[in-house]
>>> print(open('coords.csv').read())   # CSV, C-alpha atoms
chain,number,residue,atom,x,y,z
M,57,MET,CA,8.8,20.7,15.0
M,58,ARG,CA,12.1,21.0,13.2
M,59,PRO,CA,13.2,18.4,10.6
M,60,VAL,CA,15.2,15.3,11.7
M,61,ASP,CA,18.9,15.8,11.4
M,62,TYR,CA,19.8,12.4,10.0
M,63,ILE,CA,23.5,12.8,9.7
M,64,PRO,CA,24.4,13.3,13.4
M,65,ARG,CA,21.6,10.9,14.4
M,66,ILE,CA,22.9,8.1,12.2
M,67,ARG,CA,26.5,8.8,13.0
M,68,ASP,CA,25.8,8.5,16.8
M,69,ASN,CA,23.6,5.4,16.3
M,70,TYR,CA,26.3,3.6,14.2
M,71,ALA,CA,29.0,4.5,16.7
M,72,ARG,CA,26.9,3.0,19.6
M,73,LEU,CA,26.4,-0.1,17.5
M,74,GLY,CA,30.2,-0.3,16.8
M,75,PHE,CA,29.8,0.2,13.0
M,76,LYS,CA,32.3,2.0,10.9
M,77,ALA,CA,31.5,5.7,10.4
M,78,TYR,CA,29.7,6.4,7.1
M,79,ASN,CA,31.3,8.7,4.6
M,80,TRP,CA,28.6,11.3,3.8
M,81,VAL,CA,28.7,12.9,0.4
M,82,ILE,CA,29.4,16.6,0.9
M,83,ASN,CA,29.6,18.8,-2.2
M,84,PRO,CA,30.7,22.3,-1.3
M,85,ASP,CA,30.8,23.5,-4.9
M,86,THR,CA,27.9,25.2,-6.5
M,87,ALA,CA,25.9,22.7,-8.6
M,88,PRO,CA,25.7,23.2,-12.4
M,89,TRP,CA,22.5,24.9,-13.5
M,90,ALA,CA,20.4,24.0,-16.5
M,91,PRO,CA,17.4,26.4,-16.8
M,92,LEU,CA,14.1,24.9,-18.0
M,93,ARG,CA,13.6,26.3,-21.5
M,94,LYS,CA,9.9,25.8,-21.8
M,95,PRO,CA,6.8,25.5,-19.5
M,96,LEU,CA,6.2,22.3,-17.6
M,97,SER,CA,3.0,21.8,-19.6
M,98,GLN,CA,5.2,21.3,-22.7
M,99,CYS,CA,8.0,19.2,-21.0
M,100,ARG,CA,8.6,15.5,-21.1
M,101,LEU,CA,9.5,14.3,-17.7
M,102,GLY,CA,11.7,11.4,-16.7
M,103,LEU,CA,11.9,9.8,-13.3
M,104,ALA,CA,14.5,7.9,-11.3
M,105,ALA,CA,13.7,6.4,-7.9
M,106,SER,CA,15.9,4.6,-5.4
M,107,GLY,CA,13.3,2.7,-3.4
M,108,GLY,CA,14.0,-0.7,-4.9
M,109,VAL,CA,10.9,-0.8,-7.1
M,110,TYR,CA,10.7,-3.5,-9.8
M,111,ALA,CA,7.9,-4.9,-11.9
M,112,THR,CA,6.7,-8.5,-11.9
M,113,GLY,CA,8.7,-10.6,-14.4
M,114,GLN,CA,11.9,-8.7,-13.6
M,115,VAL,CA,14.7,-9.9,-11.3
M,116,ALA,CA,14.4,-8.3,-7.9
M,117,PHE,CA,17.3,-6.2,-6.5
M,118,HIS,CA,19.6,-7.6,-3.9
M,119,TYR,CA,20.8,-5.8,-0.7
M,120,LYS,CA,24.5,-5.6,-1.1
M,121,ASP,CA,25.7,-2.6,-3.2
M,122,ASP,CA,23.4,-3.4,-6.1
M,123,THR,CA,24.1,-0.8,-8.8
M,124,SER,CA,21.8,-2.3,-11.4
M,125,LEU,CA,18.9,-0.4,-13.0
M,126,ARG,CA,15.4,-1.6,-13.9
M,127,GLU,CA,13.4,0.1,-16.5
M,128,ILE,CA,9.7,0.4,-15.8
M,129,PRO,CA,7.4,1.2,-18.8
M,130,THR,CA,5.4,4.3,-17.9
M,131,ASP,CA,2.2,2.5,-19.0
M,132,VAL,CA,2.8,-0.2,-16.4
M,133,ASP,CA,-0.2,-1.6,-14.4
M,134,THR,CA,0.5,-0.2,-10.9
M,135,LYS,CA,-0.6,-3.6,-9.5
M,136,GLU,CA,2.5,-5.2,-11.1
M,137,LEU,CA,4.9,-3.0,-9.1
M,138,ARG,CA,6.9,-4.4,-6.2
M,139,ALA,CA,9.3,-2.9,-3.7
M,140,THR,CA,12.3,-4.5,-2.0
M,141,HIS,CA,14.9,-2.8,0.2
M,142,PHE,CA,16.9,-3.5,3.3
M,143,ALA,CA,16.9,-0.1,4.9
M,144,TYR,CA,13.3,1.3,5.1
M,145,ASP,CA,9.9,0.2,6.2
M,146,LEU,CA,8.4,-1.2,3.0
M,147,SER,CA,4.8,-1.7,4.2
M,148,ASP,CA,3.4,1.6,2.7
M,149,ALA,CA,5.4,1.3,-0.5
M,150,ARG,CA,4.1,-2.2,-1.1
M,151,SER,CA,0.6,-1.1,-0.3
M,152,ASP,CA,0.8,2.0,-2.6
M,153,PRO,CA,4.0,2.3,-4.7
M,154,ASN,CA,3.2,6.0,-5.4
M,155,VAL,CA,4.8,6.9,-2.0
M,156,VAL,CA,8.2,6.2,-3.5
M,157,PHE,CA,7.5,5.8,-7.2
M,158,PRO,CA,4.8,8.4,-8.1
M,159,ILE,CA,3.6,6.7,-11.3
M,160,ASP,CA,-0.1,7.3,-11.0
M,161,THR,CA,0.5,10.8,-9.7
M,162,LEU,CA,2.6,11.7,-12.8
M,163,ARG,CA,0.2,10.1,-15.3
M,164,ARG,CA,-2.6,12.1,-13.7
M,165,LEU,CA,-0.5,15.3,-14.0
M,166,VAL,CA,-0.2,14.6,-17.7
M,167,ARG,CA,-3.9,14.0,-18.1
M,168,ASP,CA,-4.5,17.3,-16.3
M,169,GLY,CA,-2.2,19.2,-18.7
M,170,PHE,CA,0.2,20.2,-15.9
M,171,LEU,CA,3.0,18.2,-17.6
M,172,GLY,CA,3.5,17.8,-21.3
M,173,GLY,CA,4.3,14.1,-21.1
M,174,LEU,CA,6.4,11.4,-19.6
M,175,SER,CA,9.3,9.4,-21.1
M,176,SER,CA,8.2,6.0,-22.2
M,177,ARG,CA,10.2,4.4,-19.3
M,178,PHE,CA,11.2,5.3,-15.8
M,179,HIS,CA,14.3,4.1,-14.0
M,180,THR,CA,14.6,2.4,-10.6
M,181,PHE,CA,17.5,1.2,-8.5
M,182,MET,CA,18.4,0.4,-4.9
M,183,GLY,CA,19.5,3.0,-2.5
M,184,GLY,CA,21.9,2.0,0.2
M,185,ILE,CA,24.9,1.6,-2.0
M,186,TYR,CA,27.6,2.2,0.6
M,187,SER,CA,30.2,3.4,-2.0
M,188,SER,CA,29.7,6.9,-3.3
M,189,ARG,CA,32.5,6.1,-5.9
M,190,ARG,CA,30.4,3.3,-7.4
M,191,VAL,CA,27.4,5.6,-7.7
M,192,THR,CA,29.5,8.5,-9.2
M,193,GLU,CA,31.6,6.4,-11.6
M,194,ASP,CA,29.2,3.6,-12.5
M,195,LEU,CA,25.5,4.1,-11.7
M,196,ALA,CA,25.1,7.8,-12.3
M,197,PRO,CA,26.7,7.8,-15.8
M,198,ARG,CA,24.5,4.9,-16.9
M,199,LEU,CA,21.4,6.7,-15.6
M,200,THR,CA,22.4,9.9,-17.3
M,201,ALA,CA,22.9,8.1,-20.7
M,202,ARG,CA,19.4,6.6,-20.4
M,203,PHE,CA,17.9,10.0,-19.8
M,204,LEU,CA,19.7,11.4,-22.8
M,205,GLU,CA,18.3,8.4,-24.9
M,206,ASP,CA,14.9,9.1,-23.5
M,207,GLY,CA,14.9,12.7,-24.7
M,208,VAL,CA,13.6,14.2,-21.5
M,209,ASP,CA,13.4,17.9,-20.7
M,210,ALA,CA,13.5,17.5,-16.9
M,211,VAL,CA,13.9,14.6,-14.5
M,212,LEU,CA,12.4,14.0,-11.1
M,213,LEU,CA,14.7,12.2,-8.6
M,214,VAL,CA,13.0,10.3,-5.8
M,215,PRO,CA,15.4,8.9,-3.2
M,216,VAL,CA,14.1,7.2,-0.1
T,807,MET,CA,12.5,15.3,-3.8
T,808,THR,CA,13.9,14.6,-0.4
T,809,SER,CA,12.7,13.8,3.1
T,810,ALA,CA,16.2,14.1,4.6
T,811,ARG,CA,16.9,17.8,4.5
T,812,ASP,CA,20.4,17.7,6.0
T,813,ILE,CA,21.6,14.9,3.8
T,814,THR,CA,20.3,16.7,0.7
T,815,ARG,CA,21.9,20.0,1.8
T,816,ALA,CA,25.2,18.2,2.0
T,817,VAL,CA,24.8,16.6,-1.5
T,818,ASN,CA,23.8,20.1,-2.8
T,819,PRO,CA,21.8,19.3,-5.9
T,820,PRO,CA,20.8,22.2,-8.2
T,821,ARG,CA,17.1,22.0,-7.1
T,822,ALA,CA,15.4,20.2,-4.3
T,823,ALA,CA,12.0,20.0,-2.7
T,824,PHE,CA,11.9,18.9,0.9
T,825,LEU,CA,8.9,17.0,2.2
T,826,ASP,CA,9.1,16.5,6.0
T,827,PHE,CA,7.7,13.0,6.1
T,828,PRO,CA,9.1,9.7,7.5
T,829,LEU,CA,11.6,8.0,5.2
T,830,GLY,CA,9.8,5.7,2.7
T,831,HIS,CA,7.2,8.4,1.8
T,832,THR,CA,9.2,10.8,-0.4
T,833,THR,CA,6.2,11.5,-2.6
T,834,GLY,CA,3.3,11.2,-0.2
T,835,LYS,CA,1.1,9.1,2.1
T,836,PRO,CA,-0.3,5.8,0.8
T,837,HIS,CA,-3.7,5.8,-0.9
T,838,ALA,CA,-4.0,9.6,-0.7
T,839,PRO,CA,-3.9,10.5,-4.4
T,840,ASP,CA,-5.0,14.1,-3.9
T,841,LEU,CA,-2.3,14.8,-1.4
T,842,GLN,CA,0.2,13.0,-3.6
T,843,ARG,CA,-0.8,15.2,-6.5
T,844,ARG,CA,-0.6,18.4,-4.4
T,845,ILE,CA,2.9,17.4,-3.2
T,846,LEU,CA,4.2,16.9,-6.8
T,847,VAL,CA,2.5,20.0,-8.2
T,848,GLU,CA,4.3,22.1,-5.4
T,849,ALA,CA,7.6,20.3,-6.0
T,850,LEU,CA,7.6,20.3,-9.8
T,851,SER,CA,6.6,24.0,-9.9
T,852,SER,CA,10.1,24.7,-8.6
T,853,PHE,CA,11.4,23.9,-12.1
T,854,GLU,CA,9.6,27.1,-13.2
T,855,THR,CA,10.3,29.3,-10.1
T,856,MET,CA,13.8,28.5,-8.9
T,857,THR,CA,16.5,30.7,-10.4
T,858,ALA,CA,19.8,29.6,-8.7
T,859,PRO,CA,21.5,26.3,-8.0
T,860,GLY,CA,21.3,25.0,-4.4
T,861,SER,CA,17.7,26.1,-4.0
T,862,MET,CA,15.5,24.0,-1.7
T,863,LYS,CA,11.8,24.5,-1.4
T,864,GLU,CA,10.2,23.4,1.9
T,865,LEU,CA,6.9,21.9,1.0
T,866,PRO,CA,3.9,22.9,3.2
T,867,PHE,CA,2.7,19.5,4.3
T,868,ARG,CA,2.9,17.7,7.6
T,869,TRP,CA,2.8,14.0,8.3
T,870,SER,CA,1.0,14.5,11.5
T,871,GLU,CA,0.0,17.2,14.0
T,872,ASP,CA,2.4,16.2,16.7
T,873,GLY,CA,5.5,15.1,14.8
T,874,GLU,CA,6.0,12.2,17.2
T,875,TRP,CA,7.5,10.0,14.4
T,876,LYS,CA,10.6,12.2,14.5
T,877,ALA,CA,11.7,10.9,17.9
T,878,LYS,CA,11.9,7.3,16.6
T,879,ALA,CA,13.5,7.9,13.2
T,880,PHE,CA,17.0,6.2,13.2
T,881,ALA,CA,17.3,7.0,16.9
T,882,GLU,CA,18.6,3.7,18.1
T,883,GLY,CA,19.3,0.1,17.2
T,884,ASP,CA,19.5,-1.3,13.7
T,885,ASP,CA,16.3,-2.6,12.0
T,886,ARG,CA,17.8,-3.0,8.6
T,887,ALA,CA,17.6,-6.4,6.9
T,888,PRO,CA,20.8,-8.4,6.3
T,889,ARG,CA,22.8,-7.4,3.2
T,890,HIS,CA,21.8,-10.4,1.1
T,891,ASP,CA,23.6,-10.5,-2.3
T,892,THR,CA,20.9,-12.6,-4.0
T,893,PRO,CA,17.6,-11.1,-5.5
T,894,GLN,CA,15.1,-10.3,-2.7
T,895,TYR,CA,11.6,-10.8,-4.0
T,896,GLN,CA,8.5,-9.2,-2.5
T,897,ASP,CA,6.6,-12.4,-3.3
T,898,GLU,CA,7.8,-15.9,-4.1
T,899,GLU,CA,5.5,-15.7,-7.2
T,900,ASP,CA,7.7,-12.8,-8.4
T,901,ARG,CA,10.7,-15.1,-8.3
T,902,ARG,CA,8.9,-17.8,-10.4
T,903,MET,CA,7.9,-15.2,-13.0
T,904,ALA,CA,11.4,-13.7,-13.2
T,905,GLU,CA,13.0,-17.1,-13.5
T,906,GLN,CA,10.5,-18.1,-16.3
T,907,GLY,CA,11.6,-15.2,-18.4
T,908,ASN,CA,15.2,-16.1,-17.9
T,909,SER,CA,16.7,-14.6,-21.1
T,910,THR,CA,15.3,-11.1,-20.5
T,911,SER,CA,16.1,-11.2,-16.8
T,912,CYS,CA,19.8,-11.7,-17.5
T,913,SER,CA,20.0,-8.6,-19.7
T,914,ILE,CA,18.4,-6.6,-17.0
T,915,CYS,CA,20.8,-7.9,-14.4
T,916,CYS,CA,23.8,-7.1,-16.5
T,917,SER,CA,22.6,-3.8,-17.9
>>> encode(input="coords.csv", output="structure tokens")
Amino acid sequence: MRPVDYIPRIRDNYARLGFKAYNWVINPDTAPWAPLRKPLSQCRLGLAASGGVYATGQVAFHYKDDTSLREIPTDVDTKELRATHFAYDLSDARSDPNVVFPIDTLRRLVRDGFLGGLSSRFHTFMGGIYSSRRVTEDLAPRLTARFLEDGVDAVLLVPV
Amino acid sequence: MTSARDITRAVNPPRAAFLDFPLGHTTGKPHAPDLQRRILVEALSSFETMTAPGSMKELPFRWSEDGEWKAKAFAEGDDRAPRHDTPQYQDEEDRRMAEQGNSTSCSICCS
């Protein structure tokens, strides 16, 4: 069965509901390319995830164009992770955060020697920011600066 | 990673790995650590095998035999929560813990 075409489906659904049409991000230009310069088994990996994950003790995300970031220490106890979001079914993410924030999976891949290591913190935020300008001009540069500080060789992006 | 192939094709990142699962499961099924591991091994291997920007690897995993979930995904109605502009905690206990550590929470908020 072919993959879901979300763009036409969401466009039609919103039109029926009387919502304003969403401006999808379309980048026709070829993306920049940074080749990986060493094997994964020697790389330090960073992670950014948009599923609204926070750790206990942190302020939770809100649901209206929240562009803030949370940093999650990569030695966090998985039991201390929480998920909040307005636009997807949270039941599985709350039962096992690894479905949108693969912390145990990545720690295991380091133990197995598949990855060289992880940065000391991962970064989370809310998806569903309905302004691509705020993401491009505000959120993305802050996220990039953090990855540069973290000294990572590669980054895994996990949207929802 | 992506579970929305057409949206990611439009965004056109340098590398992508497509997992054909319902949204909210970008890196696997809950409580299935071996599957989660296989998914990330397949996806991360792309760092070593892809050679050109715009590549997308289709990961060889299925959510279910029949693909019935696809009929329902975003098909009709609106089941999103209201767009509250105050913190939305998973548990009330989380709110209490965050408010106790008020000084650190503020720097997180404003960062």
>>> residues_near_point(input="coords.csv", point="(0.8, 17.3, -19.4)", cutoff="12 Å", atoms="all atoms listed in the file", output="list in words")
Pro95, Leu96, Ser97, Gln98, Cys99, Arg100, Leu101, Thr161, Leu162, Arg163, Arg164, Leu165, Val166, Arg167, Asp168, Gly169, Phe170, Leu171, Gly172, Gly173, Leu174 and Ser175 of chain M; Val847 of chain T
>>> write_last_selection(input="coords.csv", atoms="C-alpha atoms", output="short mmCIF file (atom, residue, chain, number, x, y, z; two decimals), in the coordinates of the input")
data_model
loop_
_atom_site.label_atom_id
_atom_site.label_comp_id
_atom_site.auth_asym_id
_atom_site.auth_seq_id
_atom_site.Cartn_x
_atom_site.Cartn_y
_atom_site.Cartn_z
CA PRO M 95 6.80 25.50 -19.50
CA LEU M 96 6.20 22.30 -17.60
CA SER M 97 3.00 21.80 -19.60
CA GLN M 98 5.20 21.30 -22.70
CA CYS M 99 8.00 19.20 -21.00
CA ARG M 100 8.60 15.50 -21.10
CA LEU M 101 9.50 14.30 -17.70
CA THR M 161 0.50 10.80 -9.70
CA LEU M 162 2.60 11.70 -12.80
CA ARG M 163 0.20 10.10 -15.30
CA ARG M 164 -2.60 12.10 -13.70
CA LEU M 165 -0.50 15.30 -14.00
CA VAL M 166 -0.20 14.60 -17.70
CA ARG M 167 -3.90 14.00 -18.10
CA ASP M 168 -4.50 17.30 -16.30
CA GLY M 169 -2.20 19.20 -18.70
CA PHE M 170 0.20 20.20 -15.90
CA LEU M 171 3.00 18.20 -17.60
CA GLY M 172 3.50 17.80 -21.30
CA GLY M 173 4.30 14.10 -21.10
CA LEU M 174 6.40 11.40 -19.60
CA SER M 175 9.30 9.40 -21.10
CA VAL T 847 2.50 20.00 -8.20
#
>>> closest_residue(input="coords.csv", among="M:Val109, M:Leu213, M:Leu92, M:Ile66", to="M:Ala149", atoms="all atoms listed in the file")
M:Val109
>>> residues_around(input="coords.csv", residues="stretch 68-71 of chain M", least_positions_apart="6", cutoff="12 Å", atoms="only C-alpha atoms", output="list in words")
Asp61, Tyr62, Ala77, Tyr78 and Asn79 of chain M; Lys878, Ala879, Phe880, Ala881, Glu882, Gly883, Asp884 and Asp885 of chain T
>>> write_last_selection(input="coords.csv", atoms="C-alpha atoms", output="compact mmCIF listing (two decimals), in the coordinates of the input")
# COMPACT_ATOMS: atom_id res chain seq x y z
CA ASP M 61 18.90 15.80 11.40
CA TYR M 62 19.80 12.40 10.00
CA ALA M 77 31.50 5.70 10.40
CA TYR M 78 29.70 6.40 7.10
CA ASN M 79 31.30 8.70 4.60
CA LYS T 878 11.90 7.30 16.60
CA ALA T 879 13.50 7.90 13.20
CA PHE T 880 17.00 6.20 13.20
CA ALA T 881 17.30 7.00 16.90
CA GLU T 882 18.60 3.70 18.10
CA GLY T 883 19.30 0.10 17.20
CA ASP T 884 19.50 -1.30 13.70
CA ASP T 885 16.30 -2.60 12.00
>>> atom_distance(input="coords.csv", atom1="atom CA of T:Pro828", atom2="atom CA of M:Ala143")
12.8 Å
>>> atom_distance(input="coords.csv", atom1="atom CA of M:Asp152", atom2="atom CA of T:Phe853")
26.1 Å
>>> interface_residues(input="coords.csv", of="chain M", to="chain T", cutoff="6 Å", atoms="only C-alpha atoms", output="ChimeraX atom specification")
/M:61,69,81-83,87,89,112-120,142-143,148,152,155-156,161,214,216
>>> closest_residue(input="coords.csv", among="M:Asp121, M:Asp85, M:Arg58, M:Ala105", to="M:Val191", atoms="all atoms listed in the file")
M:Asp121
>>> atom_distance(input="coords.csv", atom1="atom CA of M:Thr130", atom2="atom CA of M:Arg177")
5.0 Å
>>> residues_around(input="coords.csv", residues="M:Pro129", least_positions_apart="5", cutoff="12 Å", atoms="only C-alpha atoms", output="list in words")
Gly102, Leu103, Tyr110, Ala111, Thr112, Thr134, Glu136, Leu137, Ile159, Arg163, Leu174, Ser175, Ser176, Arg177, Phe178, His179, Thr180 and Asp206 of chain M
>>> closest_residue(input="coords.csv", among="M:Tyr144, M:Phe75, M:Trp80, M:Phe203", to="M:Tyr186", atoms="all atoms listed in the file")
M:Trp80
>>> axis_aligned_box(input="coords.csv", around="stretch 160-166 of chain M", padding_each_side="6 Å", output="AutoDock Vina command-line options")
--center_x 0.0 --center_y 11.3 --center_z -13.7 --size_x 17.2 --size_y 20.0 --size_z 20.0
